[in-house]
>>> print(open('protein-v7.txt').read())   # compact mmCIF, N, CA and C atoms and all ligand atoms
# COMPACT_ATOMS: atom_id res chain seq x y z
N MET D 1055 87.94 335.16 -30.74
CA MET D 1055 87.03 334.40 -31.59
C MET D 1055 85.60 334.55 -31.08
N ARG D 1056 84.69 334.19 -31.94
CA ARG D 1056 83.26 334.19 -31.59
C ARG D 1056 82.89 332.72 -31.32
N ILE D 1057 82.51 332.45 -30.08
CA ILE D 1057 82.27 331.06 -29.66
C ILE D 1057 80.80 330.87 -29.30
N GLY D 1058 80.17 329.88 -29.93
CA GLY D 1058 78.79 329.53 -29.58
C GLY D 1058 78.80 328.49 -28.48
N ILE D 1059 77.97 328.71 -27.47
CA ILE D 1059 77.90 327.74 -26.37
C ILE D 1059 76.45 327.34 -26.12
N GLY D 1060 76.27 326.05 -25.84
CA GLY D 1060 74.92 325.57 -25.53
C GLY D 1060 75.01 324.40 -24.57
N ASN D 1061 73.98 324.23 -23.79
CA ASN D 1061 73.97 323.11 -22.82
C ASN D 1061 72.54 322.68 -22.54
N ASP D 1062 72.41 321.46 -22.04
CA ASP D 1062 71.11 321.04 -21.51
C ASP D 1062 71.18 321.11 -19.99
N HIS D 1063 70.16 320.59 -19.33
CA HIS D 1063 70.10 320.66 -17.86
C HIS D 1063 71.29 319.96 -17.21
N ALA D 1064 71.74 318.84 -17.82
CA ALA D 1064 72.84 318.07 -17.22
C ALA D 1064 74.19 318.75 -17.43
N GLY D 1065 74.21 319.76 -18.29
CA GLY D 1065 75.44 320.50 -18.52
C GLY D 1065 75.44 321.85 -17.84
N CYS D 1066 74.38 322.13 -17.12
CA CYS D 1066 74.18 323.46 -16.52
C CYS D 1066 75.31 323.85 -15.56
N SER D 1067 75.86 322.87 -14.84
CA SER D 1067 76.88 323.18 -13.82
C SER D 1067 78.18 323.68 -14.44
N LEU D 1068 78.44 323.31 -15.70
CA LEU D 1068 79.69 323.74 -16.34
C LEU D 1068 79.52 325.00 -17.16
N ARG D 1069 78.28 325.36 -17.37
CA ARG D 1069 77.99 326.48 -18.27
C ARG D 1069 78.69 327.77 -17.84
N GLN D 1070 78.49 328.18 -16.58
CA GLN D 1070 79.04 329.47 -16.15
C GLN D 1070 80.57 329.44 -16.08
N PRO D 1071 81.18 328.37 -15.52
CA PRO D 1071 82.65 328.33 -15.54
C PRO D 1071 83.23 328.44 -16.95
N VAL D 1072 82.57 327.84 -17.93
CA VAL D 1072 83.08 327.91 -19.31
C VAL D 1072 82.86 329.32 -19.87
N ILE D 1073 81.71 329.90 -19.61
CA ILE D 1073 81.46 331.28 -20.09
C ILE D 1073 82.45 332.24 -19.44
N ASP D 1074 82.70 332.07 -18.14
CA ASP D 1074 83.65 332.95 -17.44
C ASP D 1074 85.02 332.86 -18.08
N LEU D 1075 85.44 331.62 -18.38
CA LEU D 1075 86.76 331.43 -19.01
C LEU D 1075 86.80 332.12 -20.39
N LEU D 1076 85.77 331.92 -21.18
CA LEU D 1076 85.75 332.52 -22.52
C LEU D 1076 85.83 334.04 -22.42
N ASN D 1077 85.13 334.61 -21.45
CA ASN D 1077 85.19 336.07 -21.25
C ASN D 1077 86.60 336.49 -20.84
N GLU D 1078 87.17 335.73 -19.90
CA GLU D 1078 88.54 336.04 -19.44
C GLU D 1078 89.54 336.02 -20.59
N LEU D 1079 89.35 335.07 -21.48
CA LEU D 1079 90.28 334.91 -22.61
C LEU D 1079 90.00 335.92 -23.73
N GLY D 1080 88.94 336.70 -23.56
CA GLY D 1080 88.64 337.76 -24.52
C GLY D 1080 87.84 337.32 -25.73
N HIS D 1081 87.19 336.16 -25.63
CA HIS D 1081 86.36 335.69 -26.74
C HIS D 1081 84.96 336.28 -26.64
N GLU D 1082 84.31 336.38 -27.78
CA GLU D 1082 82.92 336.80 -27.78
C GLU D 1082 82.05 335.55 -27.61
N VAL D 1083 81.15 335.58 -26.64
CA VAL D 1083 80.31 334.42 -26.36
C VAL D 1083 78.93 334.61 -26.97
N VAL D 1084 78.51 333.65 -27.77
CA VAL D 1084 77.14 333.65 -28.28
C VAL D 1084 76.42 332.52 -27.55
N ASP D 1085 75.49 332.89 -26.70
CA ASP D 1085 74.89 331.95 -25.75
C ASP D 1085 73.57 331.37 -26.28
N PHE D 1086 73.55 330.07 -26.48
CA PHE D 1086 72.35 329.39 -26.95
C PHE D 1086 71.60 328.73 -25.78
N GLY D 1087 72.02 329.03 -24.53
CA GLY D 1087 71.35 328.53 -23.33
C GLY D 1087 71.72 327.08 -23.04
N ALA D 1088 71.21 326.52 -21.92
CA ALA D 1088 70.11 327.03 -21.14
C ALA D 1088 70.57 327.25 -19.70
N ASP D 1089 70.09 328.32 -19.11
CA ASP D 1089 70.52 328.68 -17.76
C ASP D 1089 69.51 328.18 -16.73
N SER D 1090 69.18 326.89 -16.78
CA SER D 1090 68.15 326.35 -15.90
C SER D 1090 68.31 324.85 -15.76
N PRO D 1091 68.01 324.33 -14.58
CA PRO D 1091 68.06 322.86 -14.41
C PRO D 1091 66.83 322.16 -14.96
N GLU D 1092 65.93 322.91 -15.54
CA GLU D 1092 64.71 322.33 -16.15
C GLU D 1092 65.11 321.41 -17.30
N PRO D 1093 64.66 320.14 -17.28
CA PRO D 1093 65.07 319.22 -18.34
C PRO D 1093 64.70 319.70 -19.75
N ILE D 1094 65.67 319.64 -20.64
CA ILE D 1094 65.43 319.94 -22.05
C ILE D 1094 66.13 318.87 -22.88
N ASP D 1095 65.82 318.82 -24.15
CA ASP D 1095 66.36 317.77 -25.02
C ASP D 1095 67.63 318.26 -25.73
N TYR D 1096 68.74 317.53 -25.48
CA TYR D 1096 70.03 317.99 -26.02
C TYR D 1096 70.07 318.17 -27.54
N PRO D 1097 69.31 317.38 -28.36
CA PRO D 1097 69.41 317.63 -29.80
C PRO D 1097 68.91 319.03 -30.20
N ASP D 1098 67.94 319.55 -29.43
CA ASP D 1098 67.39 320.87 -29.76
C ASP D 1098 68.46 321.96 -29.62
N VAL D 1099 69.32 321.81 -28.64
CA VAL D 1099 70.39 322.79 -28.41
C VAL D 1099 71.54 322.54 -29.38
N ALA D 1100 71.88 321.27 -29.52
CA ALA D 1100 73.02 320.92 -30.38
C ALA D 1100 72.83 321.42 -31.80
N VAL D 1101 71.62 321.27 -32.33
CA VAL D 1101 71.41 321.65 -33.73
C VAL D 1101 71.53 323.17 -33.91
N GLU D 1102 71.14 323.92 -32.93
CA GLU D 1102 71.24 325.39 -33.04
C GLU D 1102 72.70 325.83 -33.08
N VAL D 1103 73.50 325.28 -32.19
CA VAL D 1103 74.92 325.64 -32.16
C VAL D 1103 75.61 325.12 -33.41
N ALA D 1104 75.29 323.89 -33.79
CA ALA D 1104 75.94 323.29 -34.97
C ALA D 1104 75.61 324.09 -36.23
N ARG D 1105 74.38 324.51 -36.37
CA ARG D 1105 74.01 325.31 -37.55
C ARG D 1105 74.71 326.65 -37.56
N ALA D 1106 74.90 327.23 -36.40
CA ALA D 1106 75.63 328.50 -36.32
C ALA D 1106 77.09 328.31 -36.73
N VAL D 1107 77.68 327.18 -36.34
CA VAL D 1107 79.07 326.89 -36.75
C VAL D 1107 79.12 326.66 -38.25
N ALA D 1108 78.21 325.85 -38.77
CA ALA D 1108 78.21 325.53 -40.20
C ALA D 1108 77.99 326.78 -41.05
N ALA D 1109 77.19 327.71 -40.54
CA ALA D 1109 76.89 328.94 -41.29
C ALA D 1109 78.00 329.98 -41.15
N GLY D 1110 78.93 329.74 -40.24
CA GLY D 1110 80.00 330.72 -40.02
C GLY D 1110 79.57 331.88 -39.13
N ASP D 1111 78.42 331.73 -38.47
CA ASP D 1111 77.98 332.78 -37.55
C ASP D 1111 78.83 332.81 -36.29
N VAL D 1112 79.39 331.66 -35.95
CA VAL D 1112 80.38 331.57 -34.86
C VAL D 1112 81.58 330.79 -35.40
N ASP D 1113 82.75 331.02 -34.79
CA ASP D 1113 83.97 330.34 -35.27
C ASP D 1113 84.02 328.90 -34.79
N LEU D 1114 83.65 328.69 -33.54
CA LEU D 1114 83.69 327.34 -32.95
C LEU D 1114 82.52 327.21 -31.98
N GLY D 1115 82.18 325.95 -31.65
CA GLY D 1115 81.09 325.72 -30.72
C GLY D 1115 81.53 324.90 -29.52
N ILE D 1116 80.84 325.11 -28.41
CA ILE D 1116 81.04 324.29 -27.22
C ILE D 1116 79.67 323.83 -26.75
N LEU D 1117 79.52 322.52 -26.60
CA LEU D 1117 78.24 321.95 -26.19
C LEU D 1117 78.44 321.12 -24.93
N ILE D 1118 77.55 321.26 -23.99
CA ILE D 1118 77.68 320.55 -22.72
C ILE D 1118 76.37 319.84 -22.40
N CYS D 1119 76.46 318.52 -22.22
CA CYS D 1119 75.31 317.76 -21.71
C CYS D 1119 75.82 316.89 -20.58
N GLY D 1120 75.16 315.77 -20.30
CA GLY D 1120 75.61 314.94 -19.18
C GLY D 1120 76.92 314.26 -19.47
N THR D 1121 77.02 313.69 -20.67
CA THR D 1121 78.23 312.96 -21.06
C THR D 1121 79.03 313.63 -22.17
N GLY D 1122 78.41 314.54 -22.88
CA GLY D 1122 79.00 315.12 -24.09
C GLY D 1122 78.67 314.30 -25.33
N ILE D 1123 78.15 313.12 -25.12
CA ILE D 1123 77.94 312.19 -26.23
C ILE D 1123 76.68 312.53 -27.04
N GLY D 1124 75.58 312.77 -26.37
CA GLY D 1124 74.35 313.11 -27.09
C GLY D 1124 74.53 314.39 -27.89
N MET D 1125 75.20 315.36 -27.30
CA MET D 1125 75.46 316.62 -28.01
C MET D 1125 76.34 316.37 -29.23
N SER D 1126 77.39 315.56 -29.07
CA SER D 1126 78.31 315.35 -30.20
C SER D 1126 77.62 314.58 -31.32
N MET D 1127 76.83 313.57 -30.96
CA MET D 1127 76.15 312.79 -31.99
C MET D 1127 75.14 313.65 -32.74
N SER D 1128 74.46 314.52 -32.03
CA SER D 1128 73.47 315.39 -32.67
C SER D 1128 74.15 316.43 -33.55
N ALA D 1129 75.17 317.09 -33.02
CA ALA D 1129 75.85 318.16 -33.77
C ALA D 1129 76.50 317.61 -35.04
N ASP D 1130 77.03 316.40 -34.95
CA ASP D 1130 77.71 315.80 -36.11
C ASP D 1130 76.78 315.53 -37.29
N LYS D 1131 75.48 315.55 -37.04
CA LYS D 1131 74.53 315.33 -38.14
C LYS D 1131 74.48 316.52 -39.09
N VAL D 1132 74.97 317.67 -38.64
CA VAL D 1132 74.92 318.88 -39.46
C VAL D 1132 76.16 318.93 -40.36
N ALA D 1133 75.94 319.07 -41.66
CA ALA D 1133 77.06 319.06 -42.61
C ALA D 1133 78.06 320.17 -42.28
N GLY D 1134 79.32 319.80 -42.29
CA GLY D 1134 80.37 320.79 -42.03
C GLY D 1134 80.75 320.89 -40.56
N VAL D 1135 80.02 320.13 -39.73
CA VAL D 1135 80.32 320.16 -38.30
C VAL D 1135 81.03 318.89 -37.90
N TYR D 1136 82.10 319.06 -37.13
CA TYR D 1136 82.89 317.95 -36.61
C TYR D 1136 82.95 318.14 -35.11
N ALA D 1137 82.13 317.37 -34.40
CA ALA D 1137 81.99 317.55 -32.96
C ALA D 1137 82.67 316.40 -32.23
N ALA D 1138 83.43 316.72 -31.20
CA ALA D 1138 84.17 315.70 -30.47
C ALA D 1138 83.86 315.81 -28.98
N ALA D 1139 83.45 314.69 -28.39
CA ALA D 1139 83.24 314.63 -26.94
C ALA D 1139 84.58 314.28 -26.30
N CYS D 1140 85.08 315.14 -25.45
CA CYS D 1140 86.41 314.94 -24.85
C CYS D 1140 86.34 315.11 -23.34
N SER D 1141 87.11 314.27 -22.64
CA SER D 1141 87.22 314.43 -21.19
C SER D 1141 88.67 314.42 -20.73
N ASP D 1142 89.60 314.53 -21.68
CA ASP D 1142 91.01 314.73 -21.32
C ASP D 1142 91.62 315.72 -22.29
N CYS D 1143 92.65 316.42 -21.82
CA CYS D 1143 93.21 317.54 -22.61
C CYS D 1143 93.93 317.06 -23.86
N PHE D 1144 94.54 315.87 -23.79
CA PHE D 1144 95.22 315.33 -24.97
C PHE D 1144 94.21 315.15 -26.11
N SER D 1145 93.07 314.57 -25.79
CA SER D 1145 92.04 314.36 -26.81
C SER D 1145 91.47 315.68 -27.31
N ALA D 1146 91.29 316.63 -26.40
CA ALA D 1146 90.74 317.93 -26.81
C ALA D 1146 91.69 318.62 -27.79
N ARG D 1147 92.98 318.50 -27.54
CA ARG D 1147 93.97 319.13 -28.43
C ARG D 1147 94.01 318.42 -29.78
N LEU D 1148 94.07 317.08 -29.74
CA LEU D 1148 94.17 316.35 -31.01
C LEU D 1148 92.86 316.32 -31.79
N ALA D 1149 91.76 316.44 -31.09
CA ALA D 1149 90.47 316.54 -31.80
C ALA D 1149 90.53 317.71 -32.77
N ARG D 1150 91.21 318.74 -32.34
CA ARG D 1150 91.31 319.94 -33.20
C ARG D 1150 92.50 319.82 -34.16
N GLU D 1151 93.66 319.43 -33.63
CA GLU D 1151 94.89 319.43 -34.45
C GLU D 1151 94.82 318.40 -35.57
N HIS D 1152 94.41 317.19 -35.27
CA HIS D 1152 94.40 316.13 -36.29
C HIS D 1152 93.06 316.11 -37.03
N THR D 1153 91.98 316.07 -36.28
CA THR D 1153 90.68 315.80 -36.90
C THR D 1153 89.88 317.06 -37.21
N GLY D 1154 90.42 318.22 -36.84
CA GLY D 1154 89.78 319.48 -37.24
C GLY D 1154 88.42 319.70 -36.62
N ALA D 1155 88.22 319.20 -35.42
CA ALA D 1155 86.92 319.41 -34.77
C ALA D 1155 86.62 320.90 -34.67
N ASN D 1156 85.37 321.25 -34.92
CA ASN D 1156 84.98 322.66 -34.75
C ASN D 1156 83.93 322.83 -33.64
N VAL D 1157 83.59 321.72 -33.00
CA VAL D 1157 82.72 321.79 -31.82
C VAL D 1157 83.29 320.86 -30.75
N LEU D 1158 83.48 321.41 -29.57
CA LEU D 1158 83.94 320.61 -28.42
C LEU D 1158 82.73 320.28 -27.55
N CYS D 1159 82.58 319.01 -27.22
CA CYS D 1159 81.47 318.58 -26.37
C CYS D 1159 82.03 318.06 -25.05
N ILE D 1160 81.39 318.46 -23.97
CA ILE D 1160 81.88 318.13 -22.63
C ILE D 1160 80.73 317.55 -21.82
N GLY D 1161 81.06 316.61 -20.94
CA GLY D 1161 80.06 316.00 -20.08
C GLY D 1161 80.07 316.62 -18.68
N GLY D 1162 78.97 317.23 -18.34
CA GLY D 1162 78.84 317.84 -17.02
C GLY D 1162 78.76 316.81 -15.89
N ARG D 1163 78.48 315.56 -16.27
CA ARG D 1163 78.46 314.49 -15.26
C ARG D 1163 79.75 313.69 -15.32
N VAL D 1164 80.68 314.14 -16.15
CA VAL D 1164 81.94 313.41 -16.34
C VAL D 1164 83.12 314.18 -15.78
N VAL D 1165 83.14 315.48 -16.05
CA VAL D 1165 84.28 316.29 -15.60
C VAL D 1165 83.80 317.44 -14.72
N GLY D 1166 84.71 317.95 -13.90
CA GLY D 1166 84.41 319.10 -13.06
C GLY D 1166 84.73 320.40 -13.78
N PRO D 1167 84.42 321.52 -13.13
CA PRO D 1167 84.59 322.82 -13.79
C PRO D 1167 86.05 323.15 -14.14
N GLY D 1168 86.99 322.73 -13.28
CA GLY D 1168 88.40 323.04 -13.56
C GLY D 1168 88.88 322.32 -14.80
N LEU D 1169 88.57 321.04 -14.90
CA LEU D 1169 88.98 320.28 -16.09
C LEU D 1169 88.24 320.77 -17.32
N ALA D 1170 86.99 321.13 -17.17
CA ALA D 1170 86.23 321.65 -18.31
C ALA D 1170 86.92 322.90 -18.87
N GLN D 1171 87.39 323.76 -17.99
CA GLN D 1171 88.09 324.97 -18.45
C GLN D 1171 89.40 324.61 -19.15
N GLU D 1172 90.08 323.59 -18.64
CA GLU D 1172 91.33 323.16 -19.29
C GLU D 1172 91.05 322.55 -20.67
N LEU D 1173 89.97 321.81 -20.78
CA LEU D 1173 89.60 321.23 -22.08
C LEU D 1173 89.32 322.34 -23.10
N VAL D 1174 88.58 323.33 -22.66
CA VAL D 1174 88.25 324.45 -23.55
C VAL D 1174 89.52 325.19 -23.96
N THR D 1175 90.40 325.41 -23.00
CA THR D 1175 91.65 326.13 -23.30
C THR D 1175 92.48 325.34 -24.31
N ALA D 1176 92.61 324.04 -24.10
CA ALA D 1176 93.39 323.20 -25.02
C ALA D 1176 92.78 323.24 -26.42
N PHE D 1177 91.48 323.16 -26.48
CA PHE D 1177 90.77 323.15 -27.77
C PHE D 1177 90.96 324.48 -28.51
N LEU D 1178 90.77 325.58 -27.79
CA LEU D 1178 90.82 326.90 -28.44
C LEU D 1178 92.24 327.30 -28.81
N ASN D 1179 93.22 326.77 -28.09
CA ASN D 1179 94.61 327.14 -28.36
C ASN D 1179 95.23 326.33 -29.49
N THR D 1180 94.48 325.44 -30.09
CA THR D 1180 95.03 324.54 -31.10
C THR D 1180 94.38 324.80 -32.46
N GLN D 1181 95.21 324.79 -33.49
CA GLN D 1181 94.72 324.96 -34.86
C GLN D 1181 94.79 323.61 -35.59
N PRO D 1182 93.92 323.39 -36.56
CA PRO D 1182 94.03 322.16 -37.37
C PRO D 1182 95.37 322.10 -38.08
N SER D 1183 96.02 320.95 -38.03
CA SER D 1183 97.32 320.78 -38.66
C SER D 1183 97.20 320.89 -40.18
N SER D 1184 98.22 321.52 -40.79
CA SER D 1184 98.22 321.60 -42.25
C SER D 1184 99.11 320.53 -42.87
N GLU D 1185 99.57 319.58 -42.05
CA GLU D 1185 100.37 318.48 -42.60
C GLU D 1185 99.50 317.66 -43.56
N ASP D 1186 100.15 317.21 -44.64
CA ASP D 1186 99.42 316.54 -45.73
C ASP D 1186 98.52 315.41 -45.24
N ARG D 1187 99.06 314.57 -44.36
CA ARG D 1187 98.27 313.39 -43.98
C ARG D 1187 97.00 313.77 -43.23
N HIS D 1188 97.08 314.82 -42.44
CA HIS D 1188 95.89 315.23 -41.70
C HIS D 1188 94.88 315.91 -42.62
N VAL D 1189 95.40 316.72 -43.54
CA VAL D 1189 94.51 317.38 -44.52
C VAL D 1189 93.80 316.31 -45.36
N ARG D 1190 94.57 315.30 -45.79
CA ARG D 1190 93.99 314.21 -46.61
C ARG D 1190 92.90 313.46 -45.84
N ARG D 1191 93.20 313.14 -44.59
CA ARG D 1191 92.22 312.37 -43.80
C ARG D 1191 90.97 313.20 -43.51
N ARG D 1192 91.15 314.48 -43.24
CA ARG D 1192 89.98 315.33 -43.00
C ARG D 1192 89.14 315.44 -44.27
N GLN D 1193 89.82 315.50 -45.42
CA GLN D 1193 89.10 315.56 -46.68
C GLN D 1193 88.28 314.28 -46.89
N LYS D 1194 88.88 313.14 -46.52
CA LYS D 1194 88.16 311.86 -46.66
C LYS D 1194 86.93 311.83 -45.75
N MET D 1195 87.05 312.40 -44.55
CA MET D 1195 85.88 312.47 -43.68
C MET D 1195 84.80 313.33 -44.32
N SER D 1196 85.25 314.45 -44.86
CA SER D 1196 84.31 315.39 -45.47
C SER D 1196 83.61 314.78 -46.68
N ASP D 1197 84.31 313.85 -47.37
CA ASP D 1197 83.74 313.21 -48.56
C ASP D 1197 82.68 312.14 -48.22
N ILE D 1198 82.65 311.73 -46.96
CA ILE D 1198 81.67 310.70 -46.56
C ILE D 1198 80.28 311.34 -46.48
N CYS D 1199 79.32 310.71 -47.08
CA CYS D 1199 77.87 310.99 -46.99
C CYS D 1199 77.23 311.30 -48.31
C1 LIG P 1201 70.23 313.89 -19.93
O1 LIG P 1201 69.75 313.13 -18.86
C2 LIG P 1201 71.40 313.16 -20.59
O2 LIG P 1201 70.94 311.99 -21.21
C3 LIG P 1201 72.10 314.06 -21.58
O3 LIG P 1201 72.52 315.21 -20.94
C4 LIG P 1201 73.36 313.51 -22.22
O4 LIG P 1201 74.21 312.96 -21.28
C5 LIG P 1201 73.23 312.67 -23.39
O5 LIG P 1201 74.23 312.28 -23.99
>>> encode(input="protein-v7.txt", output="structure tokens", more="lines below")
Ligand code: RB5
Amino acid sequence: MRIGIGNDHAGCSLRQPVIDLLNELGHEVVDFGADSPEPIDYPDVAVEVARAVAAGDVDLGILICGTGIGMSMSADKVAGVYAAACSDCFSARLAREHTGANVLCIGGRVVGPGLAQELVTAFLNTQPSSEDRHVRRRQKMSDIC
């Protein structure tokens, strides 16, 4: 898959471990930065990755900030984007399987590199469920706004 990745300064520590994993798994990485501890504003990065997902330029997105929350709230503002901040593998899997998340958000101040890689693996290995109830609920989410 083609995966868009972006982070702010607080997500910098997880950036390379996640990129390394994506390369190992054979995914194409589209890097929206940033490779620096210099403070930047997470909405600026989130919107770029989210727009790439919404446009179909990348299949899925991964956003990393301090908590994953600012990135997820910002990315979710873009129509067609469903961003989920996750810090456990069960949530990362169900974010995709039930709720059809297309952007995974991770907190660099919440999880370490090993868990971050497991979250990404769980997310990428899961497809949105085609069971009626999940399709119906995702449609209802999509109808909001
Ligand atoms: C930056 O200090 C921090 O607020 C940001 O990375 C993120 O955690 C916001 O949700």
>>> residues_around(input="protein-v7.txt", residues="D:Pro1097", least_positions_apart="5", cutoff="12 Å", atoms="only C-alpha atoms", output="PyMOL selection string")
chain D and resi 1060-1062+1102-1105+1117-1119+1122-1132
>>> select_by_dssp(input="protein-v7.txt", residues="stretch 1121-1185 of chain D", states="alpha helix (DSSP H)", output="short mmCIF file (atom, residue, chain, number, x, y, z; two decimals) with N, CA and C atoms, keeping the file's coordinate frame")
data_model
loop_
_atom_site.label_atom_id
_atom_site.label_comp_id
_atom_site.auth_asym_id
_atom_site.auth_seq_id
_atom_site.Cartn_x
_atom_site.Cartn_y
_atom_site.Cartn_z
N ILE D 1123 78.15 313.12 -25.12
CA ILE D 1123 77.94 312.19 -26.23
C ILE D 1123 76.68 312.53 -27.04
N GLY D 1124 75.58 312.77 -26.37
CA GLY D 1124 74.35 313.11 -27.09
C GLY D 1124 74.53 314.39 -27.89
N MET D 1125 75.20 315.36 -27.30
CA MET D 1125 75.46 316.62 -28.01
C MET D 1125 76.34 316.37 -29.23
N SER D 1126 77.39 315.56 -29.07
CA SER D 1126 78.31 315.35 -30.20
C SER D 1126 77.62 314.58 -31.32
N MET D 1127 76.83 313.57 -30.96
CA MET D 1127 76.15 312.79 -31.99
C MET D 1127 75.14 313.65 -32.74
N SER D 1128 74.46 314.52 -32.03
CA SER D 1128 73.47 315.39 -32.67
C SER D 1128 74.15 316.43 -33.55
N ALA D 1129 75.17 317.09 -33.02
CA ALA D 1129 75.85 318.16 -33.77
C ALA D 1129 76.50 317.61 -35.04
N CYS D 1143 92.65 316.42 -21.82
CA CYS D 1143 93.21 317.54 -22.61
C CYS D 1143 93.93 317.06 -23.86
N PHE D 1144 94.54 315.87 -23.79
CA PHE D 1144 95.22 315.33 -24.97
C PHE D 1144 94.21 315.15 -26.11
N SER D 1145 93.07 314.57 -25.79
CA SER D 1145 92.04 314.36 -26.81
C SER D 1145 91.47 315.68 -27.31
N ALA D 1146 91.29 316.63 -26.40
CA ALA D 1146 90.74 317.93 -26.81
C ALA D 1146 91.69 318.62 -27.79
N ARG D 1147 92.98 318.50 -27.54
CA ARG D 1147 93.97 319.13 -28.43
C ARG D 1147 94.01 318.42 -29.78
N LEU D 1148 94.07 317.08 -29.74
CA LEU D 1148 94.17 316.35 -31.01
C LEU D 1148 92.86 316.32 -31.79
N ALA D 1149 91.76 316.44 -31.09
CA ALA D 1149 90.47 316.54 -31.80
C ALA D 1149 90.53 317.71 -32.77
N ARG D 1150 91.21 318.74 -32.34
CA ARG D 1150 91.31 319.94 -33.20
C ARG D 1150 92.50 319.82 -34.16
N GLU D 1151 93.66 319.43 -33.63
CA GLU D 1151 94.89 319.43 -34.45
C GLU D 1151 94.82 318.40 -35.57
N PRO D 1167 84.42 321.52 -13.13
CA PRO D 1167 84.59 322.82 -13.79
C PRO D 1167 86.05 323.15 -14.14
N GLY D 1168 86.99 322.73 -13.28
CA GLY D 1168 88.40 323.04 -13.56
C GLY D 1168 88.88 322.32 -14.80
N LEU D 1169 88.57 321.04 -14.90
CA LEU D 1169 88.98 320.28 -16.09
C LEU D 1169 88.24 320.77 -17.32
N ALA D 1170 86.99 321.13 -17.17
CA ALA D 1170 86.23 321.65 -18.31
C ALA D 1170 86.92 322.90 -18.87
N GLN D 1171 87.39 323.76 -17.99
CA GLN D 1171 88.09 324.97 -18.45
C GLN D 1171 89.40 324.61 -19.15
N GLU D 1172 90.08 323.59 -18.64
CA GLU D 1172 91.33 323.16 -19.29
C GLU D 1172 91.05 322.55 -20.67
N LEU D 1173 89.97 321.81 -20.78
CA LEU D 1173 89.60 321.23 -22.08
C LEU D 1173 89.32 322.34 -23.10
N VAL D 1174 88.58 323.33 -22.66
CA VAL D 1174 88.25 324.45 -23.55
C VAL D 1174 89.52 325.19 -23.96
N THR D 1175 90.40 325.41 -23.00
CA THR D 1175 91.65 326.13 -23.30
C THR D 1175 92.48 325.34 -24.31
N ALA D 1176 92.61 324.04 -24.10
CA ALA D 1176 93.39 323.20 -25.02
C ALA D 1176 92.78 323.24 -26.42
N PHE D 1177 91.48 323.16 -26.48
CA PHE D 1177 90.77 323.15 -27.77
C PHE D 1177 90.96 324.48 -28.51
N LEU D 1178 90.77 325.58 -27.79
CA LEU D 1178 90.82 326.90 -28.44
C LEU D 1178 92.24 327.30 -28.81
#
>>> atom_distance(input="protein-v7.txt", atom1="atom C of D:Cys1140", atom2="atom C of D:Ala1109")
24.7 Å
>>> atom_distance(input="protein-v7.txt", atom1="atom CA of D:Val1112", atom2="atom CA of D:Pro1093")
25.7 Å
>>> atom_distance(input="protein-v7.txt", atom1="atom CA of D:Asp1074", atom2="atom N of D:Pro1167")
12.2 Å
>>> closest_residue(input="protein-v7.txt", among="D:Ile1094, D:Ala1149, D:Ile1073, D:Ala1138", to="ligand LIG 1201 (chain P)", atoms="only N, CA and C atoms and all ligand atoms")
D:Ile1094
>>> closest_atom_pairs(input="protein-v7.txt", of="stretch 1094-1169 of chain D", to="stretch 1178-1193 of chain D", cutoff="12 Å", atoms="only C-alpha atoms", output="CSV")
residue,atom,partner,partner_atom,distance
D:Asp1113,CA,D:Leu1178,CA,10.3
D:Leu1114,CA,D:Leu1178,CA,8.4
D:Gly1115,CA,D:Leu1178,CA,10.1
D:Ile1116,CA,D:Leu1178,CA,10.2
D:Gly1134,CA,D:Arg1192,CA,11.1
D:Val1135,CA,D:Arg1192,CA,11.8
D:Tyr1136,CA,D:Arg1192,CA,9.9
D:Cys1143,CA,D:Thr1180,CA,11.2
D:Phe1144,CA,D:Thr1180,CA,11.1
D:Ser1145,CA,D:Thr1180,CA,11.4
D:Ala1146,CA,D:Thr1180,CA,9.0
D:Arg1147,CA,D:Thr1180,CA,6.1
D:Leu1148,CA,D:Thr1180,CA,8.2
D:Ala1149,CA,D:Pro1182,CA,8.7
D:Arg1150,CA,D:Pro1182,CA,5.5
D:Glu1151,CA,D:Pro1182,CA,4.1
D:His1152,CA,D:His1188,CA,5.7
D:Thr1153,CA,D:Arg1192,CA,6.2
D:Gly1154,CA,D:Pro1182,CA,5.0
D:Ala1155,CA,D:Pro1182,CA,8.1
D:Asn1156,CA,D:Pro1182,CA,9.4
D:Val1157,CA,D:Leu1178,CA,10.2
D:Leu1158,CA,D:Leu1178,CA,9.3
>>> closest_residue(input="protein-v7.txt", among="D:Gly1080, D:Val1072, D:Met1055, D:His1063", to="D:Glu1092", atoms="only C-alpha atoms")
D:His1063
>>> closest_residue(input="protein-v7.txt", among="D:Arg1056, D:Arg1163, D:Arg1069, D:Lys1194", to="ligand LIG 1201 (chain P)", atoms="only C-alpha atoms and all ligand atoms")
D:Arg1163
>>> select_by_dssp(input="protein-v7.txt", residues="stretch 1060-1123 of chain D", states="strand (DSSP E or B)", output="VMD selection string")
chain D and resid 1060 to 1061 1082 to 1085 1114 to 1119
>>> closest_residue(input="protein-v7.txt", among="D:Gly1065, D:Gly1168, D:Gly1161, D:Gly1058", to="D:Val1083", atoms="only C-alpha atoms")
D:Gly1058
>>> axis_aligned_box(input="protein-v7.txt", around="ligand LIG 1201 (chain P)", padding_each_side="8 Å", output="lines of an AutoDock Vina configuration file")
center_x = 72.0
center_y = 313.6
center_z = -21.4
size_x = 20.5
size_y = 19.2
size_z = 21.1
>>> closest_residue(input="protein-v7.txt", among="D:Leu1076, D:Val1164, D:Val1101, D:Val1084", to="ligand LIG 1201 (chain P)", atoms="only C-alpha atoms and all ligand atoms")
D:Val1164
>>> closest_residue(input="protein-v7.txt", among="D:Asp1095, D:Glu1172, D:Glu1082, D:Asp1142", to="ligand LIG 1201 (chain P)", atoms="all atoms listed in the file")
D:Asp1095
